[in-house]
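**Student:** File final-v2.pdb below, PDB, C-alpha atoms:
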ATOM      1  CA  MET M   1      -8.746 -26.701 -35.128
ATOM      2  CA  SER M   2     -10.667 -25.845 -32.008
ATOM      3  CA  ALA M   3      -9.350 -23.573 -29.269
ATOM      4  CA  SER M   4      -9.347 -26.433 -26.800
ATOM      5  CA  SER M   5      -6.989 -28.839 -28.522
ATOM      6  CA  MET M   6      -3.498 -28.930 -29.912
ATOM      7  CA  THR M   7      -1.958 -31.311 -32.423
ATOM      8  CA  ARG M   8       0.823 -33.447 -30.943
ATOM      9  CA  GLY M   9       3.963 -33.493 -33.038
ATOM     10  CA  ASN M  10       7.752 -33.591 -33.068
ATOM     11  CA  VAL M  11      10.161 -30.726 -33.499
ATOM     12  CA  THR M  12      13.655 -31.202 -34.836
ATOM     13  CA  ILE M  13      16.092 -28.750 -33.279
ATOM     14  CA  GLY M  14      19.567 -29.358 -34.621
ATOM     15  CA  THR M  15      20.111 -33.115 -34.404
ATOM     16  CA  ARG M  16      17.793 -33.709 -31.428
ATOM     17  CA  ARG M  17      14.153 -34.742 -31.644
ATOM     18  CA  ARG M  18      11.859 -33.629 -28.852
ATOM     19  CA  ALA M  19       8.256 -34.729 -28.405
ATOM     20  CA  LEU M  20       5.823 -31.920 -27.744
ATOM     21  CA  SER M  21       3.047 -32.385 -25.212
ATOM     22  CA  PRO M  22      -0.308 -30.596 -25.503
ATOM     23  CA  ALA M  23      -0.345 -27.063 -24.063
ATOM     24  CA  PHE M  24      -2.897 -24.311 -23.806
ATOM     25  CA  PHE M  25      -2.307 -20.580 -24.400
ATOM     26  CA  GLY M  26      -5.746 -19.170 -23.544
ATOM     27  CA  VAL M  27      -7.556 -18.662 -26.813
ATOM     28  CA  LEU M  28      -4.295 -19.095 -28.733
ATOM     29  CA  VAL M  29      -3.433 -22.656 -29.662
ATOM     30  CA  LEU M  30      -0.341 -23.383 -31.685
ATOM     31  CA  ALA M  31       0.035 -26.603 -33.635
ATOM     32  CA  VAL M  32       3.700 -27.311 -34.214
ATOM     33  CA  LEU M  33       4.161 -29.047 -37.516
ATOM     34  CA  GLY M  34       7.913 -29.359 -37.551
ATOM     35  CA  SER M  35      11.252 -27.653 -37.611
ATOM     36  CA  LEU M  36      14.224 -27.986 -39.875
ATOM     37  CA  ALA M  37      17.744 -26.672 -40.068
ATOM     38  CA  SER M  38      18.371 -24.126 -42.794
ATOM     39  CA  ARG M  39      21.663 -23.182 -44.339
ATOM     40  CA  ALA M  40      22.257 -19.468 -44.014
ATOM     41  CA  ALA M  41      24.496 -17.017 -45.790
ATOM     42  CA  THR M  42      26.890 -16.920 -42.841
ATOM     43  CA  GLY M  43      27.412 -20.699 -42.710
ATOM     44  CA  ALA M  44      25.621 -24.032 -42.395
ATOM     45  CA  ASP M  45      23.176 -24.573 -39.549
ATOM     46  CA  ALA M  46      23.300 -20.932 -38.395
ATOM     47  CA  ILE M  47      19.513 -20.696 -38.142
ATOM     48  CA  THR M  48      16.465 -22.805 -37.423
ATOM     49  CA  VAL M  49      13.263 -22.627 -39.446
ATOM     50  CA  THR M  50      10.104 -23.729 -37.679
ATOM     51  CA  GLU M  51       6.691 -24.223 -39.256
ATOM     52  CA  THR M  52       3.592 -23.847 -37.103
ATOM     53  CA  THR M  53      -0.035 -22.721 -37.309
ATOM     54  CA  MET M  54      -2.304 -20.388 -35.368
ATOM     55  CA  PRO M  55      -6.110 -20.761 -35.234
ATOM     56  CA  ARG M  56      -8.111 -17.909 -36.757
ATOM     57  CA  GLY M  57     -11.659 -18.761 -35.750
ATOM     58  CA  ALA M  58     -14.335 -21.358 -36.206
ATOM     59  CA  GLU M  59     -15.003 -20.600 -39.875
ATOM     60  CA  ALA M  60     -11.444 -19.722 -40.968
ATOM     61  CA  PRO M  61      -8.547 -22.029 -41.834
ATOM     62  CA  ALA M  62      -5.540 -22.048 -39.514
ATOM     63  CA  LEU M  63      -2.873 -19.425 -40.192
ATOM     64  CA  PRO M  64       0.399 -20.977 -41.445
ATOM     65  CA  VAL M  65       3.425 -19.358 -39.781
ATOM     66  CA  ARG M  66       7.139 -19.652 -40.520
ATOM     67  CA  ILE M  67       9.673 -18.652 -37.854
ATOM     68  CA  ALA M  68      13.317 -18.274 -38.892
ATOM     69  CA  ALA M  69      15.732 -17.482 -36.074
ATOM     70  CA  PRO M  70      19.443 -17.584 -35.268
ATOM     71  CA  ARG M  71      20.581 -20.539 -33.195
ATOM     72  CA  ALA M  72      22.657 -18.184 -31.035
ATOM     73  CA  GLY M  73      22.425 -14.620 -29.788
ATOM     74  CA  LYS M  74      20.357 -12.585 -27.361
ATOM     75  CA  ALA M  75      18.106  -9.514 -27.518
ATOM     76  CA  LEU M  76      17.117 -10.485 -31.065
ATOM     77  CA  PRO M  77      14.808  -7.976 -32.790
ATOM     78  CA  VAL M  78      11.697  -9.212 -34.593
ATOM     79  CA  ILE M  79      10.693  -8.881 -38.250
ATOM     80  CA  VAL M  80       7.150  -9.691 -39.385
ATOM     81  CA  PHE M  81       6.699 -10.261 -43.124
ATOM     82  CA  SER M  82       3.632 -10.174 -45.389
ATOM     83  CA  HIS M  83       3.954 -11.793 -48.828
ATOM     84  CA  GLY M  84       2.699 -10.538 -52.180
ATOM     85  CA  ALA M  85      -0.762 -11.251 -53.577
ATOM     86  CA  TYR M  86      -1.421 -14.954 -54.284
ATOM     87  CA  SER M  87       2.083 -15.833 -53.082
ATOM     88  CA  SER M  88       3.079 -17.385 -49.730
ATOM     89  CA  LYS M  89       5.603 -17.233 -46.905
ATOM     90  CA  ASP M  90       7.570 -19.992 -48.636
ATOM     91  CA  ASP M  91       8.380 -17.892 -51.704
ATOM     92  CA  TYR M  92      10.731 -15.480 -49.901
ATOM     93  CA  SER M  93      13.140 -17.720 -47.980
ATOM     94  CA  VAL M  94      16.163 -16.181 -49.725
ATOM     95  CA  LEU M  95      15.305 -12.891 -47.989
ATOM     96  CA  LEU M  96      13.832 -14.134 -44.716
ATOM     97  CA  ASP M  97      16.658 -16.547 -43.945
ATOM     98  CA  HIS M  98      19.252 -13.884 -44.721
ATOM     99  CA  TRP M  99      17.726 -11.636 -42.068
ATOM    100  CA  ALA M 100      17.628 -14.508 -39.590
ATOM    101  CA  ALA M 101      21.278 -15.297 -40.253
ATOM    102  CA  HIS M 102      22.105 -11.692 -39.398
ATOM    103  CA  GLY M 103      20.500 -11.748 -35.975
ATOM    104  CA  TYR M 104      16.735 -11.345 -36.383
ATOM    105  CA  VAL M 105      13.700 -13.433 -35.534
ATOM    106  CA  VAL M 106      11.715 -13.445 -38.784
ATOM    107  CA  ILE M 107       8.024 -14.338 -38.672
ATOM    108  CA  ALA M 108       6.199 -14.791 -41.981
ATOM    109  CA  VAL M 109       2.644 -15.978 -42.582
ATOM    110  CA  THR M 110       0.644 -17.303 -45.517
ATOM    111  CA  HIS M 111      -2.492 -15.191 -45.992
ATOM    112  CA  ARG M 112      -5.818 -16.538 -47.229
ATOM    113  CA  ASP M 113      -5.329 -15.026 -50.689
ATOM    114  CA  SER M 114      -2.446 -17.445 -51.373
ATOM    115  CA  ILE M 115      -2.824 -19.889 -54.256
ATOM    116  CA  ARG M 116      -1.214 -22.453 -51.926
ATOM    117  CA  LEU M 117      -4.381 -22.282 -49.853
ATOM    118  CA  GLY M 118      -6.655 -22.719 -52.845
ATOM    119  CA  THR M 119      -7.229 -19.135 -54.002
ATOM    120  CA  THR M 120      -7.309 -18.641 -57.767
ATOM    121  CA  ARG M 121      -4.710 -16.200 -59.078
ATOM    122  CA  GLY M 122      -6.501 -13.044 -60.221
ATOM    123  CA  SER M 123      -9.457 -13.364 -57.869
ATOM    124  CA  ASN M 124     -10.216 -10.251 -55.839
ATOM    125  CA  ASP M 125     -12.152 -10.812 -52.643
ATOM    126  CA  PRO M 126     -12.723  -7.439 -50.900
ATOM    127  CA  ARG M 127     -11.979  -9.143 -47.578
ATOM    128  CA  PHE M 128      -8.353  -9.870 -48.475
ATOM    129  CA  MET M 129      -7.119  -6.583 -46.981
ATOM    130  CA  SER M 130      -8.894  -6.948 -43.641
ATOM    131  CA  TRP M 131      -7.938 -10.610 -43.418
ATOM    132  CA  ARG M 132      -4.272  -9.755 -43.912
ATOM    133  CA  LEU M 133      -4.331  -6.993 -41.318
ATOM    134  CA  ASP M 134      -6.034  -9.330 -38.845
ATOM    135  CA  ASP M 135      -3.394 -12.010 -39.494
ATOM    136  CA  LEU M 136      -0.482  -9.776 -38.552
ATOM    137  CA  LYS M 137      -2.309  -8.151 -35.658
ATOM    138  CA  GLN M 138      -2.841 -11.646 -34.310
ATOM    139  CA  VAL M 139       0.866 -12.415 -34.694
ATOM    140  CA  LEU M 140       1.863  -9.180 -32.955
ATOM    141  CA  GLY M 141      -0.618  -9.746 -30.150
ATOM    142  CA  SER M 142       0.550 -13.291 -29.508
ATOM    143  CA  LEU M 143       4.333 -12.997 -29.814
ATOM    144  CA  PRO M 144       5.259 -14.587 -26.454
ATOM    145  CA  GLN M 145       3.159 -17.680 -27.152
ATOM    146  CA  LEU M 146       4.296 -17.864 -30.765
ATOM    147  CA  LEU M 147       7.992 -17.589 -29.870
ATOM    148  CA  SER M 148       7.593 -20.293 -27.243
ATOM    149  CA  VAL M 149       7.123 -22.815 -30.046
ATOM    150  CA  VAL M 150      10.911 -22.730 -30.493
ATOM    151  CA  PRO M 151      12.539 -23.816 -27.213
ATOM    152  CA  GLY M 152      14.432 -20.947 -25.573
ATOM    153  CA  LEU M 153      13.692 -18.415 -28.317
ATOM    154  CA  ALA M 154      11.318 -16.191 -26.327
ATOM    155  CA  ALA M 155      14.019 -15.527 -23.723
ATOM    156  CA  ARG M 156      16.463 -14.511 -26.478
ATOM    157  CA  THR M 157      14.061 -12.131 -28.260
ATOM    158  CA  ASP M 158      13.560  -8.396 -27.747
ATOM    159  CA  SER M 159       9.893  -7.961 -28.633
ATOM    160  CA  SER M 160      10.131  -4.195 -28.118
ATOM    161  CA  LYS M 161      12.021  -3.914 -31.427
ATOM    162  CA  ILE M 162       9.796  -4.944 -34.332
ATOM    163  CA  ALA M 163       9.887  -4.144 -38.054
ATOM    164  CA  ALA M 164       6.865  -4.551 -40.335
ATOM    165  CA  THR M 165       7.945  -5.689 -43.794
ATOM    166  CA  GLY M 166       6.240  -6.907 -46.936
ATOM    167  CA  HIS M 167       6.304  -7.294 -50.704
ATOM    168  CA  SER M 168       3.705  -5.834 -53.081
ATOM    169  CA  PHE M 169       0.316  -6.300 -51.367
ATOM    170  CA  GLY M 170       2.363  -7.161 -48.299
ATOM    171  CA  GLY M 171       4.159  -3.831 -48.586
ATOM    172  CA  LEU M 172       0.797  -2.093 -48.348
ATOM    173  CA  ILE M 173       0.060  -4.134 -45.224
ATOM    174  CA  ALA M 174       3.444  -3.254 -43.697
ATOM    175  CA  GLN M 175       3.037   0.488 -44.242
ATOM    176  CA  THR M 176      -0.495   0.361 -42.805
ATOM    177  CA  LEU M 177       0.612  -1.374 -39.618
ATOM    178  CA  ALA M 178       3.475   1.134 -39.382
ATOM    179  CA  GLY M 179       1.079   4.095 -39.400
ATOM    180  CA  ALA M 180      -0.131   4.992 -42.901
ATOM    181  CA  THR M 181      -3.899   5.361 -42.886
ATOM    182  CA  LEU M 182      -6.497   3.901 -45.256
ATOM    183  CA  ARG M 183      -9.771   5.389 -46.504
ATOM    184  CA  ASP M 184     -13.214   4.043 -45.833
ATOM    185  CA  PRO M 185     -14.480   3.599 -49.417
ATOM    186  CA  VAL M 186     -17.994   4.656 -48.386
ATOM    187  CA  THR M 187     -17.392   7.637 -46.101
ATOM    188  CA  GLY M 188     -13.911   8.639 -47.246
ATOM    189  CA  SER M 189     -12.763   9.002 -43.640
ATOM    190  CA  ALA M 190      -9.265   7.972 -42.588
ATOM    191  CA  VAL M 191      -8.908   4.656 -40.768
ATOM    192  CA  SER M 192      -5.767   3.806 -38.803
ATOM    193  CA  HIS M 193      -4.456   0.300 -38.166
ATOM    194  CA  TRP M 194      -1.251   1.566 -36.576
ATOM    195  CA  GLN M 195       0.473  -0.861 -34.245
ATOM    196  CA  PRO M 196       2.574   0.998 -31.640
ATOM    197  CA  ALA M 197       5.028  -1.916 -31.363
ATOM    198  CA  ILE M 198       6.294  -1.264 -34.902
ATOM    199  CA  ARG M 199       9.571   0.670 -34.881
ATOM    200  CA  ALA M 200      10.526   0.422 -38.583
ATOM    201  CA  ALA M 201       9.042  -0.564 -41.940
ATOM    202  CA  ILE M 202      10.307  -2.042 -45.204
ATOM    203  CA  ILE M 203       8.019  -1.504 -48.194
ATOM    204  CA  PHE M 204       9.267  -3.730 -51.029
ATOM    205  CA  SER M 205       7.563  -2.904 -54.350
ATOM    206  CA  GLY M 206       4.494  -1.753 -52.433
ATOM    207  CA  ALA M 207       1.651   0.538 -53.430
ATOM    208  CA  GLY M 208       1.337   4.243 -53.995
ATOM    209  CA  ALA M 209      -1.835   6.312 -53.820
ATOM    210  CA  MET M 210      -4.911   4.532 -55.153
ATOM    211  CA  SER M 211      -8.351   6.072 -54.886
ATOM    212  CA  PRO M 212     -10.619   5.564 -53.052
ATOM    213  CA  VAL M 213      -8.809   3.494 -50.395
ATOM    214  CA  LEU M 214      -5.443   5.267 -50.211
ATOM    215  CA  GLY M 215      -4.819   8.948 -50.814
ATOM    216  CA  ALA M 216      -1.551  10.846 -50.982
ATOM    217  CA  GLU M 217      -2.378  12.384 -47.609
ATOM    218  CA  ASP M 218      -2.576   8.954 -45.957
ATOM    219  CA  PHE M 219       1.192   8.537 -46.081
ATOM    220  CA  ALA M 220       1.698  11.503 -43.733
ATOM    221  CA  ALA M 221       1.048   9.329 -40.681
ATOM    222  CA  LEU M 222       3.899   6.951 -41.513
ATOM    223  CA  ALA M 223       6.488   8.384 -39.151
ATOM    224  CA  VAL M 224       8.756   5.437 -38.303
ATOM    225  CA  PRO M 225      12.040   4.879 -40.184
ATOM    226  CA  THR M 226      11.164   3.355 -43.550
ATOM    227  CA  LEU M 227      13.012   1.699 -46.419
ATOM    228  CA  VAL M 228      11.219   1.661 -49.780
ATOM    229  CA  THR M 229      12.531  -0.661 -52.511
ATOM    230  CA  VAL M 230      11.474  -0.400 -56.145
ATOM    231  CA  GLY M 231      12.638  -1.774 -59.487
ATOM    232  CA  THR M 232      12.855   0.432 -62.562
ATOM    233  CA  LEU M 233      10.851  -2.218 -64.458
ATOM    234  CA  ASP M 234       8.407  -2.854 -61.614
ATOM    235  CA  LEU M 235       4.878  -4.074 -62.249
ATOM    236  CA  GLN M 236       2.501  -1.390 -63.517
ATOM    237  CA  GLN M 237      -0.883  -1.331 -61.796
ATOM    238  CA  ALA M 238      -1.840   2.353 -61.611
ATOM    239  CA  PRO M 239      -3.215   4.171 -64.654
ATOM    240  CA  ASN M 240      -0.962   6.815 -66.227
ATOM    241  CA  LEU M 241       2.024   5.848 -64.052
ATOM    242  CA  SER M 242       4.778   3.323 -64.648
ATOM    243  CA  GLY M 243       5.313   0.636 -62.065
ATOM    244  CA  TYR M 244       8.477   2.427 -60.953
ATOM    245  CA  GLU M 245       6.733   5.793 -60.554
ATOM    246  CA  TRP M 246       3.795   4.411 -58.605
ATOM    247  CA  ARG M 247       5.632   2.004 -56.333
ATOM    248  CA  ARG M 248       8.189   4.576 -55.230
ATOM    249  CA  GLN M 249       5.405   6.923 -54.086
ATOM    250  CA  PRO M 250       5.531   5.753 -50.455
ATOM    251  CA  TYR M 251       9.055   7.199 -50.318
ATOM    252  CA  ASP M 252       8.022  10.437 -52.042
ATOM    253  CA  LEU M 253       4.905  10.982 -49.917
ATOM    254  CA  ILE M 254       5.941  10.016 -46.379
ATOM    255  CA  PRO M 255       7.424  12.718 -44.116
ATOM    256  CA  ALA M 256      11.166  13.234 -44.450
ATOM    257  CA  GLY M 257      13.512  11.953 -41.773
ATOM    258  CA  GLN M 258      15.034   8.443 -41.741
ATOM    259  CA  LYS M 259      13.338   7.534 -45.009
ATOM    260  CA  TYR M 260      15.384   5.589 -47.567
ATOM    261  CA  LEU M 261      14.908   4.543 -51.191
ATOM    262  CA  LEU M 262      16.634   1.567 -52.809
ATOM    263  CA  ILE M 263      16.316   1.635 -56.610
ATOM    264  CA  LEU M 264      17.146  -1.580 -58.475
ATOM    265  CA  ASP M 265      18.044  -0.741 -62.067
ATOM    266  CA  GLY M 266      16.448  -3.226 -64.458
ATOM    267  CA  ALA M 267      14.608  -5.158 -61.750
ATOM    268  CA  ASP M 268      11.034  -6.298 -62.223
ATOM    269  CA  HIS M 269       8.439  -6.944 -59.530
ATOM    270  CA  TYR M 270       9.931 -10.324 -58.601
ATOM    271  CA  LEU M 271      13.642  -9.458 -58.619
ATOM    272  CA  GLY M 272      14.221 -11.329 -61.819
ATOM    273  CA  GLY M 273      12.205 -14.353 -60.773
ATOM    274  CA  ARG M 274      13.939 -14.904 -57.421
ATOM    275  CA  VAL M 275      11.102 -13.999 -55.021
ATOM    276  CA  GLY M 276       7.311 -14.136 -54.898
ATOM    277  CA  ARG M 277       6.828 -16.578 -57.793
ATOM    278  CA  ASP M 278       8.598 -19.718 -58.923
ATOM    279  CA  ASP M 279       7.067 -19.931 -62.401
ATOM    280  CA  LEU M 280       8.846 -17.030 -64.104
ATOM    281  CA  PRO M 281      12.041 -16.869 -66.200
ATOM    282  CA  ARG M 282      15.207 -16.058 -64.252
ATOM    283  CA  SER M 283      16.917 -12.768 -65.087
ATOM    284  CA  PRO M 284      20.729 -12.814 -65.491
ATOM    285  CA  GLN M 285      20.832  -9.996 -62.901
ATOM    286  CA  ALA M 286      18.508 -11.721 -60.412
ATOM    287  CA  ASP M 287      21.252 -12.655 -57.959
ATOM    288  CA  ASP M 288      22.563  -9.087 -58.014
ATOM    289  CA  PHE M 289      19.090  -7.718 -57.283
ATOM    290  CA  VAL M 290      18.668 -10.089 -54.341
ATOM    291  CA  ALA M 291      22.143  -9.311 -52.983
ATOM    292  CA  ALA M 292      21.470  -5.566 -53.137
ATOM    293  CA  PHE M 293      18.145  -5.933 -51.346
ATOM    294  CA  GLN M 294      19.699  -8.170 -48.702
ATOM    295  CA  ALA M 295      22.523  -5.701 -48.088
ATOM    296  CA  ALA M 296      20.380  -2.546 -48.000
ATOM    297  CA  SER M 297      17.612  -4.029 -45.873
ATOM    298  CA  THR M 298      20.061  -5.498 -43.361
ATOM    299  CA  LEU M 299      21.922  -2.179 -43.132
ATOM    300  CA  PHE M 300      18.605  -0.429 -42.512
ATOM    301  CA  LEU M 301      17.504  -2.953 -39.882
ATOM    302  CA  ASP M 302      20.867  -2.872 -38.111
ATOM    303  CA  ALA M 303      20.594   0.914 -37.852
ATOM    304  CA  THR M 304      16.952   1.186 -36.839
ATOM    305  CA  LEU M 305      16.338  -1.937 -34.718
ATOM    306  CA  LYS M 306      19.783  -2.795 -33.393
ATOM    307  CA  ASP M 307      20.963   0.828 -33.135
ATOM    308  CA  GLN M 308      24.380  -0.165 -34.424
ATOM    309  CA  PRO M 309      26.597   2.964 -34.729
ATOM    310  CA  PRO M 310      28.377   1.914 -37.981
ATOM    311  CA  ALA M 311      25.059   1.217 -39.717
ATOM    312  CA  LYS M 312      23.529   4.449 -38.414
ATOM    313  CA  ALA M 313      26.555   6.428 -39.572
ATOM    314  CA  ARG M 314      26.449   4.936 -43.058
ATOM    315  CA  LEU M 315      22.773   5.704 -43.506
ATOM    316  CA  SER M 316      23.225   9.256 -42.210
ATOM    317  CA  GLN M 317      25.857   9.899 -44.862
ATOM    318  CA  LEU M 318      23.602   8.966 -47.774
ATOM    319  CA  PRO M 319      22.789  11.819 -50.174
ATOM    320  CA  SER M 320      19.311  12.949 -51.125
ATOM    321  CA  THR M 321      19.999  11.890 -54.711
ATOM    322  CA  PRO M 322      20.611   8.317 -55.895
ATOM    323  CA  ALA M 323      24.091   7.112 -54.954
ATOM    324  CA  PRO M 324      25.754   3.847 -56.062
ATOM    325  CA  PHE M 325      25.208   1.143 -53.456
ATOM    326  CA  ALA M 326      25.663  -2.252 -55.133
ATOM    327  CA  ALA M 327      25.514  -3.797 -58.578
ATOM    328  CA  HIS M 328      22.477  -2.371 -60.378
ATOM    329  CA  ALA M 329      21.425  -0.496 -57.200
ATOM    330  CA  THR M 330      21.371   3.007 -55.759
ATOM    331  CA  LEU M 331      20.400   4.161 -52.279
ATOM    332  CA  GLN M 332      19.336   7.605 -51.045
ATOM    333  CA  GLN M 333      17.604   9.308 -48.122
ATOM    334  CA  ARG M 334      15.282  12.169 -47.287
TER     335      ARG M 334
END
Represent the supplied structure as structure tokens.
**Tutor:**
Amino acid sequence: MSASSMTRGNVTIGTRRRALSPAFFGVLVLAVLGSLASRAATGADAITVTETTMPRGAEAPALPVRIAAPRAGKALPVIVFSHGAYSSKDDYSVLLDHWAAHGYVVIAVTHRDSIRLGTTRGSNDPRFMSWRLDDLKQVLGSLPQLLSVVPGLAARTDSSKIAATGHSFGGLIAQTLAGATLRDPVTGSAVSHWQPAIRAAIIFSGAGAMSPVLGAEDFAALAVPTLVTVGTLDLQQAPNLSGYEWRRQPYDLIPAGQKYLLILDGADHYLGGRVGRDDLPRSPQADDFVAAFQAASTLFLDATLKDQPPAKARLSQLPSTPAPFAAHATLQQR
């Protein structure tokens, strides 16, 4: 799509259909593909889910974007989400829609490494990292225009309260936008992609230190409140370390102070086949893993983005050692 045109389409908001006329947002052009009502954990029709696209440049495909938001409420904080490698925004609705139902505007994208966009699983283009960072920087830099796709949503959103979140590869992206540095593989120098708008981070089965692009010292710059989630049977990708040991490293290496660790006992990388992939066997504990993640992440977001006193008090009372939190789950702080 060129920067001078916009696809005409219809958006369904509730039971009304409204025709969209062409509009221009400078270099940003949004093509609204459609909207649909989504049933949320708190009741039917509590949220809207809108699909749209953002142009990325003359030689790049448009960026698919999913916006889940409550139908009611004001001063809604924002969550941006980056999916796991080869996955897509559509493989995490059980988490994204839960956040939306609890009072957040949740923006998720599908990166160019997704198999849904034609990438072969297992391929490893060195540009994937920079492409992903550019995608979310574009989202953060264009929030007013992006939110305007959903009628009335921009006026109900507090864009000063944003959390960067992500799973697996997306967790690495989230921690990088939240302040953790990367290493130039040639010079070894630290490179920051910190986005000042980010007030909190959720790293879900992310990445620990991995030479030469990420050293243990690179986590020191991650200063915002952070929740790290890891399964005891998480995917192993670092030599000489289990998946659990490596993927909990962001918690162990970042500076203490409003840092939290959710451990899911018996959970694999995909929460028992509930998120990230739809071609894996379902674990009998999968629903428990999802429920624990939903509860812990919402508690964390309520405390750090909404500044809710009960949530803040509960987090402050957590011990520095694992404490029972939910079925198959412990939660701790440092």
**Student:** In Å, rounded to a single decimal, give me how far atom CA of Gln175 of chain M is from atom CA of His111 of chain M.
**Tutor:** 16.7 Å
**Student:** For the structure provided, state which residues fall under the PyMOL selection byres ((chain M and resi 330) around 10), and present them as a PyMOL selection string.
**Tutor:** chain M and resi 261-265+292+296+321-329+331-332
**Student:** Mind dumping a table of every segment 104-167 of chain M residue within 7 Å of segment 187-199 of chain M, with the nearest atom pair and its distance in Å to one decimal, using only C-alpha atoms, sorted by chain and rising number, as CSV?
**Tutor:**
residue,atom,partner,partner_atom,distance
M:Ser160,CA,M:Ala197,CA,6.5
M:Lys161,CA,M:Arg199,CA,6.2
M:Ile162,CA,M:Ile198,CA,5.1
M:Ala163,CA,M:Ile198,CA,5.6
M:Ala164,CA,M:Ile198,CA,6.4
**Student:** Fewer than 3 positions away in the same chain doesn't count, so skip those; otherwise give me all residues within 12 Å of Asn124 of chain M, counting all atoms listed in the file, as a list in words.
**Tutor:**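 Near Asn124 of chain M, the qualifying residues are Ala85, Tyr86, Arg112, Asp113, Ser114, Thr119, Thr120, Arg121, Arg127, Phe128 and Met129 of chain M.
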**Student:** With the file shown as input, list the residues that the PyMOL selection byres ((chain M and resi 214-221) around 7) selects, as a ChimeraX atom specification.
**Tutor:** /M:179-183,209-213,222-223,250,253-255
**Student:** Report, in Å to a single decimal, how far apart atom CA of Asp97 of chain M and atom CA of Pro64 of chain M are.
**Tutor:**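 Spanning atom CA of Pro64 of chain M to atom CA of Asp97 of chain M is a straight-line distance of 17.0 Å.
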**Student:** Given the file shown, determine the residues that the PyMOL selection byres ((chain M and resi 166-170) around 8) selects; report them as a list in words.
**Tutor:**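 Applied to this file, the PyMOL selection byres ((chain M and resi 166-170) around 8) returns Phe81, Ser82, His83, Gly84, Ala85, Ala164, Thr165, Gly171, Leu172, Ile173, Ala174, Ile202, Ile203, Phe204, Ser205, Gly206 and Ala207 of chain M.
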**Student:** Please determine, counting only C-alpha atoms, which residue among M:Ala201, M:Ala295, M:Ala100, M:Leu140 has the shortest atom-to-atom distance to Ile47 of chain M.
**Tutor:**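 Smallest separation from Ile47 of chain M among the options: M:Ala100.
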**Student:** Can you tell me, as a PDB file with C-alpha atoms, in the frame of the given file, what residues are no more than 9 Å from Lys312 of chain M when counting all atoms listed in the file, ignoring any on the same chain fewer than 3 positions away?
**Tutor:**
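File written: selection.pdb
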ATOM      1  CA  LEU M 299      21.922  -2.179 -43.132  1.00  0.00           C
ATOM      2  CA  PHE M 300      18.605  -0.429 -42.512  1.00  0.00           C
ATOM      3  CA  ASP M 302      20.867  -2.872 -38.111  1.00  0.00           C
ATOM      4  CA  ALA M 303      20.594   0.914 -37.852  1.00  0.00           C
ATOM      5  CA  THR M 304      16.952   1.186 -36.839  1.00  0.00           C
ATOM      6  CA  ASP M 307      20.963   0.828 -33.135  1.00  0.00           C
ATOM      7  CA  GLN M 308      24.380  -0.165 -34.424  1.00  0.00           C
ATOM      8  CA  PRO M 309      26.597   2.964 -34.729  1.00  0.00           C
ATOM      9  CA  LEU M 315      22.773   5.704 -43.506  1.00  0.00           C
ATOM     10  CA  SER M 316      23.225   9.256 -42.210  1.00  0.00           C
ATOM     11  CA  GLN M 317      25.857   9.899 -44.862  1.00  0.00           C
TER      12      GLN M 317
END
**Student:** Using only C-alpha atoms, which residues sit within 8 Å of Ile107 of chain M once same-chain residues fewer than 5 positions away are excluded, as a list in words?
**Tutor:** Val65, Arg66, Ile67, Ala68, Val78, Ile79, Val80 and Phe81 of chain M
**Student:** Just checking: using only C-alpha atoms, which residue out of M:Leu301, M:Ala155, M:Leu280, M:Leu241 ends up closest to Leu227 of chain M?
**Tutor:**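 Between M:Leu301, M:Ala155, M:Leu280, M:Leu241, the residue approaching Leu227 of chain M most closely is M:Leu301.
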**Student:** Which residue out of M:Gly141, M:Pro284, M:Pro310, M:Pro70 has the minimum interatomic distance to Leu153 of chain M when only C-alpha atoms are used?
**Tutor:**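 Closest to Leu153 of chain M, using only C-alpha atoms: M:Pro70.
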**Student:** What does the distance from atom CA of Arg71 of chain M to atom CA of Leu136 of chain M come to in Å, to one decimal?
**Tutor:**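 These atoms are spaced 24.3 Å apart.
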**Student:** From the set M:Glu51, M:Ser142, M:Pro185, M:Tyr244, which residue has the shortest atom-to-atom contact distance to Pro126 of chain M, counting all atoms listed in the file?
**Tutor:**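 Closest to Pro126 of chain M, using all atoms listed in the file: M:Pro185.
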**Student:** Can you tell me, as lines of an AutoDock Vina configuration file, the centre and edge lengths (Å, one decimal) of the axis-aligned box enclosing all of segment 136-155 of chain M's listed atoms after padding each side by 6 Å?
**Tutor:**
center_x = 5.8
center_y = -16.0
center_z = -31.1
size_x = 29.3
size_y = 27.7
size_z = 26.8
**Student:** Pick out the closest residue to Tyr260 of chain M from this set: M:Thr53, M:Ser283, M:Ser123, M:Gln333. Count only C-alpha atoms.
**Tutor:**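 When distances to Tyr260 of chain M are compared using only C-alpha atoms, the smallest one comes from M:Gln333.
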**Student:** Pick out the closest residue to Gly208 of chain M from this set: M:Ala238, M:Leu233, M:Val150, M:Leu95. Count only C-alpha atoms.
**Tutor:**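 Of the candidates, the smallest distance to Gly208 of chain M is held by M:Ala238.
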